[in-house]
Amino acid sequence: MILTPLSIFPANAVTCAGGLSPRLHFTLLVPTSNPARRAWAAIVQNSLQCVGFDVSRQEFPFSPDIFARALAPPPNIVGKTYDQGGFDILFVGYNLVIDPDPFQLYDSSQFASLGGQNYYLWNNTQNDQLGRQIDATLDHNARLNLVNQWQQLAYDQLPSIPLLYTHEIVAFDSDYSNAQSIFSVYHAPAWPPIEHLANSTTSSKFILAQTGQAPGEGVVPELSTSYYDLAISGEIFSPLALRNDTIFKTMIPDLAKGTPTVPGWSVASDNKTWTVNIRPGVNWQDGQPFTATDVKFTYDVYQNATLGSNTSALIQSVIGGKNNVVVTNSTQVVFHLPKPYAYFVQNILNAAELPAHILNQTAFYSQLGGKIDYSKIGNSLFNRPDIGVGGVLPVGTGPYIWSSWDAATTTAHLVKNNNYYDFNDWGKSALVAKNQFGVKDYYVKTIIGSDAAITALSNHEVDYLDGQYHLETQQNFLTSWGPNRETNYDAFGVQEMGVNMMHPILGTGVGTPYAQQYPGNLTAAANAAKWIRQAISYATPRTQIISGLLNGAGVEAITTPIVGNWHTGQSVMEGFNTALQPYPYDLAKAAQLLQQAGYTQIAAPASFFDLYGIYLVSAVVIAAVAVAAVYLLRVRGRPMQTQGSTTTSAPLPPTTTPP
C-alpha cells in the first residue's frame, strides 16, 4: 500500500492531565471497515486521554460484533455498558434521508428492540414532544421552526456527538456521456440512477464498484438497512412515490398514478385519510399484473413482526395496523391513519412494493398459533439470491431484473427490463426519448480497498467507484484522473459518536460524583452526564480531522439528522439551524465541564505532550482508504462488513497502517 507522507499538525498546546479523580473509564467502539474513521477515532481517543479520560478503543467488524452490541442487541444486552457486552460510545456514519425527521431516530418508541432505529436509547420527554410535533405539523414553516428547536435541544443534550457532514467524491470511466451530471444529481438518497445513463456507442454494460457487499443483508428493502444493498434493490423494486433527485428534492408518482404536478394521491380534510390511485397497466417482472392487492400486502407484511424488519416501528406507528390499509378497487388503496403525519408521502409511500402473488405463499410462511410467520422470507432466494434457500429469485417492477450472482468475483448481475412501464420523466418511454436507459447489463461488484478499486478503474475493469471509497484522501489519483471523470457533492451523510444513553456515567449520569451529592435527583444526574458528553464534544478536534485527514472534504457537524454548512449558512437539508455552530476544540472548556460533574484532573509528569502539546498524527491516511466508509442509512441503511477485530489504547495513532 502507498502511504501518504507523515503529517503532524498541532491542536492546542496544553499540558495533558494524568487522569481524573475519580477515574472515568469508557470504551470507544470502532468498526473495522473504514481506515479513515479508525484514524480519527485514534485521534479523538488521544485528545480525550489528554483531558484525563481513561479511554480504551476496541475495533470490531459490523457483523456480528457491532450489530450484537449496539444496533441489534438481544434483550439482555440492551442498554448495557461495553464491559457488560453492550457499548459506551460508537463511532459510526449514516447516510440520511432528505427530510428532517428526528422522530424515527430518537423517539423513545423507536428503540432498536422495538423495530426502530433509536440505537442510542435516548429517552427524553422534550425530545419526544418536539419530534412528535414535527411529524404532526402540516404547516411547512411551523414544522421547520420546530425542527430548529429540536436541533437546539439535540445540540445541548448530545445523544450523539456529531463529527462531520460528509462531502463525497466519485470517479467514473465509462462510455456514458452524461455520467458526470447524472452522478451529481442522483446520489444517496436518490440512488442508484443507472436507468438515466445515456446510450453508448461502444458498450451497453455498466460495472459499479462498491466497498461493501451487495447483497449484504438482502435485496428486499424492508429487510435491509444497508446502503450497499440499495445499488441492487433500488433497481429491482419500485415505490408508489419516489424522490425525483437531490437538487429539487420533490416527490413524484411512480407506481402511484399521476404526474409531478397532479399526483395520484390526496388527503381528506381530516389530514388522516389518504387515497392513493395505482398506475394501471404495470406488470411485475414475471408478467403478473401489479394491483392494489400488492400495495396492501406490502404494508401489512411490513407491519408484521414475523418479517423481522428493522424499520417496522416507524411504519407501525404511522399506519397503526393492517386494518388501516383498505383496498377499494384494483387500482385504489385508502390509508386511514390514526393521526396526521407530515411525511406520509416521503416516508410511507416511498416503501418498495412487494409481490403478494409470490410472497404470500405457504412456501414463505408457516402457521404458528394461527399467526402467519413471514420470517422465512429473509433467508430465501427472494431476499438473498446469492446464498438463500427456497423460493424464487427476486421479482419487482423496476427497470432492472435480477440475473445472477458470481461468488468468485462477488458480483451481482442485473439485466434491463425491456417491459418497464411508462411514467413521467423516469418511465421507459421518457428515458428513451432522452437517449437514456442505455445500460443493458448492470453489474454491482464488491472490491474491498481503494487501492484495488482504483487499479480496477484505471484498467477499465469497472466503470464507477462509489462515494464510500473516500477518494478525497486520494489526491494523487484524483489529480491524474482528471476533473472530467469525477464529480463531488455535499452528501446527506454524517459521521458521529453515538452515546449509550443508558450508560450510568455517559447517559443517565446516576454514577457520577455530582449525582451522588444529590441522591435520587435524576435531573442532577442527567445534567452531570450532559456535561460529560459536552466535554467529549469540546475535546473532539473536528477541524483538524477534516483538514488533516480528509483534505478539507467535509464540514464540522452540529447534529444528526439535519445537515447543513454552518460556514456558508447553506442548508443541505431543510430546517438546518443556522444560528448554531459546532462545538469548538477547547480542552480547557472540557476540563471545566468535567469539574462541574465532579471530576478533578490529576497533574501529569513531564511528557511528550508537555513539551509539544497535542499532536495529531495522520499518517494512517492510506492512499487506498480501503474498505471505505461503511454507512448506516438512518431509516434505510445498515452496513455489512466482516473483518477481524483489534484492541488498542496506545497513546498515539499508528504511523503506518490503521489498527
# chains A, B, ... in the order shown; residues from 1 in each chain; ligands from 1

$ residues_around --residues "region 310-327 of chain A" --least-positions-apart "5" --cutoff "7 Å" --atoms "only C-alpha atoms" --output "list in words"
Gln104, Gln110, Leu114, Gly115, Gly116, Gln117, Leu223, Ala292, Thr293, Lys296, Asp300, Tyr302, Gln303, Gln332, Val333, Val334, Phe335, His336, Leu337, Pro338, Tyr341, Ile348 and Val635 of chain A

$ closest_atom_pairs --of "region 26-108 of chain A" --to "region 441-450 of chain A" --cutoff "10 Å" --atoms "only C-alpha atoms" --output "Markdown table"
| residue | atom | partner | partner_atom | distance |
| --- | --- | --- | --- | --- |
| A:Ser33 | CA | A:Ile448 | CA | 9.4 |
| A:Asn34 | CA | A:Gly449 | CA | 9.4 |
| A:Pro35 | CA | A:Gly449 | CA | 9.6 |

$ atom_distance --atom1 "CA of Ser21 (chain A)" --atom2 "CA of Asn123 (chain A)"
28.9 Å

$ closest_residue --among "A:Pro61, A:Gly575, A:Gly548, A:Gly131" --to "Pro31 (chain A)" --atoms "only C-alpha atoms"
A:Pro61

$ closest_residue --among "A:Gln157, A:Asn577, A:Gln570, A:Thr543" --to "Asn145 (chain A)" --atoms "only C-alpha atoms"
A:Asn577

$ closest_residue --among "A:Thr81, A:Thr166, A:Gln592, A:Ser269" --to "Gly564 (chain A)" --atoms "only C-alpha atoms"
A:Thr166

$ residues_around --residues "Asn76 (chain A)" --least-positions-apart "5" --cutoff "10 Å" --atoms "only C-alpha atoms" --output "list of chain:residue names"
A:Gln84, A:Gly85, A:Gly86

$ write_last_selection --atoms "N, CA and C atoms" --output "short mmCIF file (atom, residue, chain, number, x, y, z; two decimals), in the first residue's frame"
data_model
loop_
_atom_site.label_atom_id
_atom_site.label_comp_id
_atom_site.auth_asym_id
_atom_site.auth_seq_id
_atom_site.Cartn_x
_atom_site.Cartn_y
_atom_site.Cartn_z
N GLN A 84 -20.19 -4.87 29.95
CA GLN A 84 -21.29 -5.82 30.18
C GLN A 84 -21.80 -6.46 28.89
N GLY A 85 -21.10 -6.20 27.78
CA GLY A 85 -21.49 -6.77 26.50
C GLY A 85 -22.17 -5.82 25.55
N GLY A 86 -22.43 -4.59 26.00
CA GLY A 86 -23.06 -3.60 25.15
C GLY A 86 -22.05 -2.62 24.59
#

$ closest_residue --among "A:Tyr176, A:Phe103, A:Tyr228, A:Phe297" --to "Gln213 (chain A)" --atoms "only C-alpha atoms"
A:Tyr228

$ select_by_dssp --residues "region 280-337 of chain A" --states "strand (DSSP E)" --output "ChimeraX atom specification"
/A:325-329,332-336

$ write_last_selection --atoms "N, CA and C atoms" --output "PDB file, in the first residue's frame"
ATOM      1  N   VAL A 325     -55.262  -0.096   6.230  1.00  0.00           N
ATOM      2  CA  VAL A 325     -54.969  -0.056   4.794  1.00  0.00           C
ATOM      3  C   VAL A 325     -56.085  -0.821   4.094  1.00  0.00           C
ATOM      4  N   VAL A 326     -56.879  -0.121   3.297  1.00  0.00           N
ATOM      5  CA  VAL A 326     -58.091  -0.705   2.718  1.00  0.00           C
ATOM      6  C   VAL A 326     -58.040  -0.624   1.198  1.00  0.00           C
ATOM      7  N   VAL A 327     -58.264  -1.751   0.543  1.00  0.00           N
ATOM      8  CA  VAL A 327     -58.362  -1.796  -0.916  1.00  0.00           C
ATOM      9  C   VAL A 327     -59.801  -1.474  -1.306  1.00  0.00           C
ATOM     10  N   THR A 328     -60.003  -0.410  -2.073  1.00  0.00           N
ATOM     11  CA  THR A 328     -61.358  -0.055  -2.518  1.00  0.00           C
ATOM     12  C   THR A 328     -61.668  -0.631  -3.896  1.00  0.00           C
ATOM     13  N   ASN A 329     -60.637  -0.775  -4.733  1.00  0.00           N
ATOM     14  CA  ASN A 329     -60.756  -1.490  -6.004  1.00  0.00           C
ATOM     15  C   ASN A 329     -59.356  -1.856  -6.455  1.00  0.00           C
ATOM     16  N   GLN A 332     -56.959   1.232  -6.405  1.00  0.00           N
ATOM     17  CA  GLN A 332     -57.049   2.267  -5.365  1.00  0.00           C
ATOM     18  C   GLN A 332     -56.907   1.663  -3.967  1.00  0.00           C
ATOM     19  N   VAL A 333     -56.129   2.344  -3.142  1.00  0.00           N
ATOM     20  CA  VAL A 333     -55.941   1.970  -1.740  1.00  0.00           C
ATOM     21  C   VAL A 333     -56.165   3.212  -0.889  1.00  0.00           C
ATOM     22  N   VAL A 334     -56.816   3.029   0.259  1.00  0.00           N
ATOM     23  CA  VAL A 334     -57.038   4.135   1.182  1.00  0.00           C
ATOM     24  C   VAL A 334     -56.337   3.817   2.502  1.00  0.00           C
ATOM     25  N   PHE A 335     -55.534   4.768   2.976  1.00  0.00           N
ATOM     26  CA  PHE A 335     -54.841   4.652   4.260  1.00  0.00           C
ATOM     27  C   PHE A 335     -55.597   5.482   5.293  1.00  0.00           C
ATOM     28  N   HIS A 336     -56.025   4.847   6.370  1.00  0.00           N
ATOM     29  CA  HIS A 336     -56.712   5.543   7.462  1.00  0.00           C
ATOM     30  C   HIS A 336     -55.722   5.670   8.628  1.00  0.00           C
TER      31      HIS A 336
END

$ closest_atom_pairs --of "region 155-245 of chain A" --to "region 394-418 of chain A" --cutoff "6 Å" --atoms "only C-alpha atoms" --output "JSON lines"
{"residue": "A:Glu235", "atom": "CA", "partner": "A:Tyr400", "partner_atom": "CA", "distance": 5.3}
{"residue": "A:Ile236", "atom": "CA", "partner": "A:Gly398", "partner_atom": "CA", "distance": 4.5}
{"residue": "A:Phe237", "atom": "CA", "partner": "A:Gly396", "partner_atom": "CA", "distance": 4.6}
{"residue": "A:Ser238", "atom": "CA", "partner": "A:Gly398", "partner_atom": "CA", "distance": 5.3}

$ residues_around --residues "Gly552 (chain A)" --least-positions-apart "6" --cutoff "9 Å" --atoms "only C-alpha atoms" --output "NGL selection string"
:A and (167 or 472 or 543 or 545-546)

$ closest_residue --among "A:Pro584, A:Ala491, A:Ile536, A:Ala305" --to "Gly554 (chain A)" --atoms "only C-alpha atoms"
A:Ala491

$ residues_around --residues "His187 (chain A)" --least-positions-apart "2" --cutoff "10 Å" --atoms "only C-alpha atoms" --output "PyMOL selection string"
chain A and resi 168+182-185+189-193+245-246+466-467+489+491-492

$ write_last_selection --atoms "N, CA, C and O atoms" --output "PDB file, in the first residue's frame"
ATOM      1  N   GLU A 168     -18.694  14.010  -0.637  1.00  0.00           N
ATOM      2  CA  GLU A 168     -18.267  12.822  -1.370  1.00  0.00           C
ATOM      3  C   GLU A 168     -17.698  13.165  -2.737  1.00  0.00           C
ATOM      4  O   GLU A 168     -18.141  14.106  -3.400  1.00  0.00           O
ATOM      5  N   ILE A 182     -25.225  13.068 -14.206  1.00  0.00           N
ATOM      6  CA  ILE A 182     -26.148  12.126 -13.568  1.00  0.00           C
ATOM      7  C   ILE A 182     -25.707  11.815 -12.148  1.00  0.00           C
ATOM      8  O   ILE A 182     -26.513  11.822 -11.208  1.00  0.00           O
ATOM      9  N   PHE A 183     -24.420  11.559 -11.944  1.00  0.00           N
ATOM     10  CA  PHE A 183     -23.963  11.199 -10.610  1.00  0.00           C
ATOM     11  C   PHE A 183     -23.867  12.406  -9.683  1.00  0.00           C
ATOM     12  O   PHE A 183     -23.721  12.249  -8.467  1.00  0.00           O
ATOM     13  N   SER A 184     -23.958  13.615 -10.242  1.00  0.00           N
ATOM     14  CA  SER A 184     -24.056  14.811  -9.401  1.00  0.00           C
ATOM     15  C   SER A 184     -25.470  15.009  -8.883  1.00  0.00           C
ATOM     16  O   SER A 184     -25.686  15.435  -7.753  1.00  0.00           O
ATOM     17  N   VAL A 185     -26.436  14.684  -9.731  1.00  0.00           N
ATOM     18  CA  VAL A 185     -27.844  14.931  -9.416  1.00  0.00           C
ATOM     19  C   VAL A 185     -28.466  13.777  -8.650  1.00  0.00           C
ATOM     20  O   VAL A 185     -29.304  13.977  -7.770  1.00  0.00           O
ATOM     21  N   PRO A 189     -29.846  10.145  -1.072  1.00  0.00           N
ATOM     22  CA  PRO A 189     -30.758   9.006  -1.086  1.00  0.00           C
ATOM     23  C   PRO A 189     -31.504   8.776  -2.387  1.00  0.00           C
ATOM     24  O   PRO A 189     -32.353   7.873  -2.430  1.00  0.00           O
ATOM     25  N   ALA A 190     -31.278   9.550  -3.432  1.00  0.00           N
ATOM     26  CA  ALA A 190     -31.904   9.293  -4.736  1.00  0.00           C
ATOM     27  C   ALA A 190     -30.977   8.384  -5.543  1.00  0.00           C
ATOM     28  O   ALA A 190     -30.347   8.799  -6.513  1.00  0.00           O
ATOM     29  N   TRP A 191     -30.922   7.139  -5.164  1.00  0.00           N
ATOM     30  CA  TRP A 191     -29.866   6.246  -5.631  1.00  0.00           C
ATOM     31  C   TRP A 191     -30.419   4.848  -5.835  1.00  0.00           C
ATOM     32  O   TRP A 191     -31.292   4.418  -5.081  1.00  0.00           O
ATOM     33  N   PRO A 192     -29.957   4.098  -6.852  1.00  0.00           N
ATOM     34  CA  PRO A 192     -28.997   4.456  -7.896  1.00  0.00           C
ATOM     35  C   PRO A 192     -29.706   4.984  -9.148  1.00  0.00           C
ATOM     36  O   PRO A 192     -30.906   4.767  -9.306  1.00  0.00           O
ATOM     37  N   PRO A 193     -28.990   5.616 -10.070  1.00  0.00           N
ATOM     38  CA  PRO A 193     -29.621   6.221 -11.249  1.00  0.00           C
ATOM     39  C   PRO A 193     -29.245   5.539 -12.564  1.00  0.00           C
ATOM     40  O   PRO A 193     -29.119   6.201 -13.594  1.00  0.00           O
ATOM     41  N   ASP A 245     -34.845  13.777  -7.434  1.00  0.00           N
ATOM     42  CA  ASP A 245     -33.396  13.963  -7.477  1.00  0.00           C
ATOM     43  C   ASP A 245     -32.962  14.601  -6.169  1.00  0.00           C
ATOM     44  O   ASP A 245     -33.776  14.788  -5.265  1.00  0.00           O
ATOM     45  N   THR A 246     -31.675  14.936  -6.066  1.00  0.00           N
ATOM     46  CA  THR A 246     -31.166  15.572  -4.848  1.00  0.00           C
ATOM     47  C   THR A 246     -31.033  17.085  -5.001  1.00  0.00           C
ATOM     48  O   THR A 246     -30.488  17.747  -4.118  1.00  0.00           O
ATOM     49  N   ASP A 466     -17.828   3.986  -6.097  1.00  0.00           N
ATOM     50  CA  ASP A 466     -18.818   4.538  -5.194  1.00  0.00           C
ATOM     51  C   ASP A 466     -18.198   5.563  -4.243  1.00  0.00           C
ATOM     52  O   ASP A 466     -17.005   5.510  -3.941  1.00  0.00           O
ATOM     53  N   GLY A 467     -19.023   6.468  -3.741  1.00  0.00           N
ATOM     54  CA  GLY A 467     -18.545   7.537  -2.878  1.00  0.00           C
ATOM     55  C   GLY A 467     -17.955   7.064  -1.570  1.00  0.00           C
ATOM     56  O   GLY A 467     -17.237   7.818  -0.901  1.00  0.00           O
ATOM     57  N   TYR A 489     -19.966  16.358  -4.318  1.00  0.00           N
ATOM     58  CA  TYR A 489     -21.193  16.983  -3.844  1.00  0.00           C
ATOM     59  C   TYR A 489     -21.236  16.911  -2.317  1.00  0.00           C
ATOM     60  O   TYR A 489     -20.608  16.060  -1.701  1.00  0.00           O
ATOM     61  N   ALA A 491     -22.914  15.621   0.630  1.00  0.00           N
ATOM     62  CA  ALA A 491     -23.752  14.437   0.775  1.00  0.00           C
ATOM     63  C   ALA A 491     -24.745  14.598   1.923  1.00  0.00           C
ATOM     64  O   ALA A 491     -24.569  15.443   2.805  1.00  0.00           O
ATOM     65  N   PHE A 492     -25.781  13.773   1.892  1.00  0.00           N
ATOM     66  CA  PHE A 492     -26.719  13.700   3.008  1.00  0.00           C
ATOM     67  C   PHE A 492     -26.184  12.650   3.989  1.00  0.00           C
ATOM     68  O   PHE A 492     -26.779  11.609   4.213  1.00  0.00           O
TER      69      PHE A 492
END

$ select_by_dssp --residues "region 92-311 of chain A" --states "alpha helix (DSSP H)" --output "compact mmCIF listing (two decimals) with N, CA and C atoms, in the first residue's frame"
# COMPACT_ATOMS: atom_id res chain seq x y z
N PHE A 103 -37.85 12.00 14.64
CA PHE A 103 -38.68 11.03 15.36
C PHE A 103 -38.16 9.61 15.20
N GLN A 104 -37.92 9.21 13.96
CA GLN A 104 -37.56 7.82 13.70
C GLN A 104 -36.17 7.46 14.20
N LEU A 105 -35.37 8.46 14.53
CA LEU A 105 -34.02 8.20 15.00
C LEU A 105 -33.88 8.30 16.51
N TYR A 106 -34.75 9.06 17.16
CA TYR A 106 -34.53 9.37 18.56
C TYR A 106 -35.76 9.23 19.45
N THR A 125 -38.24 13.40 27.39
CA THR A 125 -39.62 13.86 27.21
C THR A 125 -39.71 15.02 26.23
N GLN A 126 -38.81 15.99 26.34
CA GLN A 126 -38.85 17.14 25.44
C GLN A 126 -38.56 16.72 24.01
N ASN A 127 -37.62 15.80 23.84
CA ASN A 127 -37.32 15.27 22.51
C ASN A 127 -38.54 14.59 21.91
N ASP A 128 -39.20 13.74 22.70
CA ASP A 128 -40.39 13.05 22.21
C ASP A 128 -41.47 14.05 21.81
N GLN A 129 -41.68 15.06 22.63
CA GLN A 129 -42.72 16.04 22.34
C GLN A 129 -42.42 16.80 21.05
N LEU A 130 -41.18 17.27 20.90
CA LEU A 130 -40.82 18.02 19.70
C LEU A 130 -40.86 17.14 18.45
N GLY A 131 -40.31 15.92 18.56
CA GLY A 131 -40.31 15.03 17.40
C GLY A 131 -41.70 14.68 16.94
N ARG A 132 -42.59 14.46 17.87
CA ARG A 132 -43.97 14.12 17.51
C ARG A 132 -44.72 15.34 16.98
N GLN A 133 -44.40 16.52 17.50
CA GLN A 133 -44.99 17.74 16.95
C GLN A 133 -44.53 17.97 15.52
N ILE A 134 -43.26 17.73 15.26
CA ILE A 134 -42.73 17.89 13.90
C ILE A 134 -43.51 17.01 12.93
N ASP A 135 -43.70 15.76 13.30
CA ASP A 135 -44.38 14.83 12.42
C ASP A 135 -45.85 15.16 12.23
N ALA A 136 -46.47 15.79 13.22
CA ALA A 136 -47.89 16.08 13.15
C ALA A 136 -48.21 17.47 12.62
N HIS A 140 -45.72 24.03 6.72
CA HIS A 140 -44.30 23.86 6.42
C HIS A 140 -43.41 24.73 7.30
N ASN A 141 -43.71 26.02 7.39
CA ASN A 141 -42.86 26.93 8.16
C ASN A 141 -42.91 26.62 9.65
N ALA A 142 -44.09 26.29 10.14
CA ALA A 142 -44.22 25.94 11.56
C ALA A 142 -43.44 24.67 11.87
N ARG A 143 -43.46 23.74 10.93
CA ARG A 143 -42.72 22.49 11.15
C ARG A 143 -41.21 22.74 11.18
N LEU A 144 -40.73 23.58 10.28
CA LEU A 144 -39.30 23.86 10.26
C LEU A 144 -38.86 24.65 11.49
N ASN A 145 -39.75 25.46 12.03
CA ASN A 145 -39.44 26.14 13.29
C ASN A 145 -39.27 25.13 14.42
N LEU A 146 -40.11 24.10 14.42
CA LEU A 146 -39.97 23.04 15.42
C LEU A 146 -38.67 22.25 15.21
N VAL A 147 -38.31 22.04 13.95
CA VAL A 147 -37.05 21.36 13.64
C VAL A 147 -35.88 22.16 14.21
N ASN A 148 -35.94 23.49 14.06
CA ASN A 148 -34.90 24.35 14.63
C ASN A 148 -34.82 24.18 16.14
N GLN A 149 -35.97 24.12 16.79
CA GLN A 149 -35.99 23.94 18.25
C GLN A 149 -35.43 22.57 18.63
N TRP A 150 -35.80 21.56 17.86
CA TRP A 150 -35.28 20.23 18.17
C TRP A 150 -33.76 20.19 18.02
N GLN A 151 -33.25 20.86 16.98
CA GLN A 151 -31.81 20.84 16.77
C GLN A 151 -31.08 21.53 17.93
N GLN A 152 -31.68 22.58 18.47
CA GLN A 152 -31.09 23.24 19.63
C GLN A 152 -31.05 22.29 20.82
N LEU A 153 -32.13 21.52 21.01
CA LEU A 153 -32.16 20.56 22.10
C LEU A 153 -31.10 19.49 21.91
N ALA A 154 -31.00 18.92 20.72
CA ALA A 154 -30.02 17.87 20.46
C ALA A 154 -28.60 18.40 20.58
N TYR A 155 -28.39 19.64 20.18
CA TYR A 155 -27.08 20.28 20.29
C TYR A 155 -26.66 20.40 21.75
N ASP A 156 -27.62 20.68 22.61
CA ASP A 156 -27.35 20.81 24.04
C ASP A 156 -27.18 19.45 24.72
N GLN A 157 -28.05 18.50 24.37
CA GLN A 157 -28.08 17.22 25.07
C GLN A 157 -27.07 16.20 24.52
N ALA A 179 -22.53 10.86 -17.62
CA ALA A 179 -22.23 10.28 -16.30
C ALA A 179 -21.96 11.36 -15.26
N GLN A 180 -21.20 12.39 -15.61
CA GLN A 180 -20.85 13.39 -14.61
C GLN A 180 -22.08 14.10 -14.06
N SER A 181 -22.96 14.54 -14.94
CA SER A 181 -24.16 15.24 -14.47
C SER A 181 -25.10 14.30 -13.73
N ILE A 182 -25.23 13.07 -14.21
CA ILE A 182 -26.15 12.13 -13.57
C ILE A 182 -25.71 11.82 -12.15
N PHE A 183 -24.42 11.56 -11.94
CA PHE A 183 -23.96 11.20 -10.61
C PHE A 183 -23.87 12.41 -9.68
N SER A 184 -23.96 13.61 -10.24
CA SER A 184 -24.06 14.81 -9.40
C SER A 184 -25.47 15.01 -8.88
N VAL A 185 -26.44 14.68 -9.73
CA VAL A 185 -27.84 14.93 -9.42
C VAL A 185 -28.47 13.78 -8.65
N LEU A 230 -28.80 -1.03 -1.64
CA LEU A 230 -29.63 -0.15 -2.47
C LEU A 230 -29.20 -0.17 -3.93
N ALA A 231 -27.93 -0.42 -4.19
CA ALA A 231 -27.45 -0.45 -5.57
C ALA A 231 -28.16 -1.52 -6.38
N ILE A 232 -28.66 -2.55 -5.70
CA ILE A 232 -29.41 -3.62 -6.36
C ILE A 232 -30.91 -3.42 -6.17
N SER A 233 -31.34 -3.31 -4.92
CA SER A 233 -32.77 -3.25 -4.65
C SER A 233 -33.43 -2.03 -5.27
N GLY A 234 -32.69 -0.91 -5.35
CA GLY A 234 -33.25 0.31 -5.93
C GLY A 234 -33.58 0.19 -7.39
N GLU A 235 -33.00 -0.80 -8.07
CA GLU A 235 -33.30 -1.01 -9.49
C GLU A 235 -34.29 -2.14 -9.73
N ILE A 236 -34.44 -3.03 -8.77
CA ILE A 236 -35.38 -4.15 -8.93
C ILE A 236 -36.79 -3.75 -8.51
N ALA A 292 -53.71 -3.12 -6.47
CA ALA A 292 -53.84 -2.59 -5.12
C ALA A 292 -53.63 -3.68 -4.07
N THR A 293 -53.89 -4.94 -4.44
CA THR A 293 -53.66 -6.05 -3.51
C THR A 293 -52.19 -6.11 -3.10
N ASP A 294 -51.29 -5.83 -4.04
CA ASP A 294 -49.86 -5.83 -3.73
C ASP A 294 -49.51 -4.70 -2.76
N VAL A 295 -50.18 -3.56 -2.92
CA VAL A 295 -49.91 -2.44 -2.03
C VAL A 295 -50.32 -2.78 -0.60
N LYS A 296 -51.53 -3.31 -0.45
CA LYS A 296 -51.97 -3.68 0.90
C LYS A 296 -51.06 -4.75 1.48
N PHE A 297 -50.70 -5.75 0.68
CA PHE A 297 -49.82 -6.80 1.18
C PHE A 297 -48.50 -6.21 1.67
N THR A 298 -47.93 -5.27 0.91
CA THR A 298 -46.65 -4.68 1.28
C THR A 298 -46.71 -4.03 2.66
N TYR A 299 -47.73 -3.21 2.89
CA TYR A 299 -47.81 -2.50 4.17
C TYR A 299 -48.27 -3.40 5.30
N ASP A 300 -49.04 -4.43 4.98
CA ASP A 300 -49.42 -5.40 6.02
C ASP A 300 -48.20 -6.20 6.49
N VAL A 301 -47.43 -6.72 5.53
CA VAL A 301 -46.28 -7.55 5.91
C VAL A 301 -45.19 -6.70 6.55
N TYR A 302 -45.08 -5.43 6.12
CA TYR A 302 -44.09 -4.52 6.71
C TYR A 302 -44.36 -4.34 8.20

$ residues_around --residues "Ala591 (chain A)" --least-positions-apart "3" --cutoff "12 Å" --atoms "only C-alpha atoms" --output "number ranges by chain"
A: 14-17, 19-20, 47-53, 531-539, 585-588, 594-602

$ closest_residue --among "A:Thr291, A:Ala363, A:Asp463, A:Ile207" --to "Leu381 (chain A)" --atoms "only C-alpha atoms"
A:Ala363

$ atom_distance --atom1 "CA of Leu471 (chain A)" --atom2 "CA of Asn199 (chain A)"
27.0 Å

$ atom_distance --atom1 "CA of Leu255 (chain A)" --atom2 "CA of Pro340 (chain A)"
22.9 Å

$ decode --residues "region 141-145 of chain A" --atoms "all heavy atoms" --output "PDB file, in the first residue's frame"
ATOM      1  N   ASN A 141     -43.713  26.024   7.387  1.00  0.00           N
ATOM      2  CA  ASN A 141     -42.863  26.929   8.158  1.00  0.00           C
ATOM      3  C   ASN A 141     -42.911  26.622   9.648  1.00  0.00           C
ATOM      4  O   ASN A 141     -41.890  26.678  10.341  1.00  0.00           O
ATOM      5  CB  ASN A 141     -43.269  28.375   7.898  1.00  0.00           C
ATOM      6  CG  ASN A 141     -42.938  28.833   6.479  1.00  0.00           C
ATOM      7  OD1 ASN A 141     -42.001  28.321   5.862  1.00  0.00           O
ATOM      8  ND2 ASN A 141     -43.708  29.774   5.972  1.00  0.00           N
ATOM      9  N   ALA A 142     -44.095  26.293  10.138  1.00  0.00           N
ATOM     10  CA  ALA A 142     -44.219  25.942  11.559  1.00  0.00           C
ATOM     11  C   ALA A 142     -43.439  24.674  11.869  1.00  0.00           C
ATOM     12  O   ALA A 142     -42.813  24.560  12.935  1.00  0.00           O
ATOM     13  CB  ALA A 142     -45.692  25.768  11.921  1.00  0.00           C
ATOM     14  N   ARG A 143     -43.456  23.739  10.933  1.00  0.00           N
ATOM     15  CA  ARG A 143     -42.720  22.490  11.148  1.00  0.00           C
ATOM     16  C   ARG A 143     -41.214  22.741  11.184  1.00  0.00           C
ATOM     17  O   ARG A 143     -40.506  22.207  12.042  1.00  0.00           O
ATOM     18  CB  ARG A 143     -43.066  21.480  10.055  1.00  0.00           C
ATOM     19  CG  ARG A 143     -42.421  20.121  10.273  1.00  0.00           C
ATOM     20  CD  ARG A 143     -43.003  19.062   9.350  1.00  0.00           C
ATOM     21  NE  ARG A 143     -42.702  19.278   7.942  1.00  0.00           N
ATOM     22  CZ  ARG A 143     -43.584  19.671   7.031  1.00  0.00           C
ATOM     23  NH1 ARG A 143     -44.846  19.900   7.377  1.00  0.00           N
ATOM     24  NH2 ARG A 143     -43.230  19.842   5.773  1.00  0.00           N
ATOM     25  N   LEU A 144     -40.729  23.579  10.279  1.00  0.00           N
ATOM     26  CA  LEU A 144     -39.295  23.861  10.261  1.00  0.00           C
ATOM     27  C   LEU A 144     -38.861  24.646  11.490  1.00  0.00           C
ATOM     28  O   LEU A 144     -37.723  24.500  11.958  1.00  0.00           O
ATOM     29  CB  LEU A 144     -38.915  24.613   8.988  1.00  0.00           C
ATOM     30  CG  LEU A 144     -39.077  23.828   7.675  1.00  0.00           C
ATOM     31  CD1 LEU A 144     -38.502  24.618   6.511  1.00  0.00           C
ATOM     32  CD2 LEU A 144     -38.414  22.461   7.767  1.00  0.00           C
ATOM     33  N   ASN A 145     -39.754  25.459  12.031  1.00  0.00           N
ATOM     34  CA  ASN A 145     -39.444  26.143  13.289  1.00  0.00           C
ATOM     35  C   ASN A 145     -39.266  25.133  14.418  1.00  0.00           C
ATOM     36  O   ASN A 145     -38.360  25.254  15.253  1.00  0.00           O
ATOM     37  CB  ASN A 145     -40.546  27.133  13.634  1.00  0.00           C
ATOM     38  CG  ASN A 145     -40.275  27.865  14.942  1.00  0.00           C
ATOM     39  OD1 ASN A 145     -39.247  28.498  15.121  1.00  0.00           O
ATOM     40  ND2 ASN A 145     -41.214  27.758  15.880  1.00  0.00           N
TER      41      ASN A 145
END
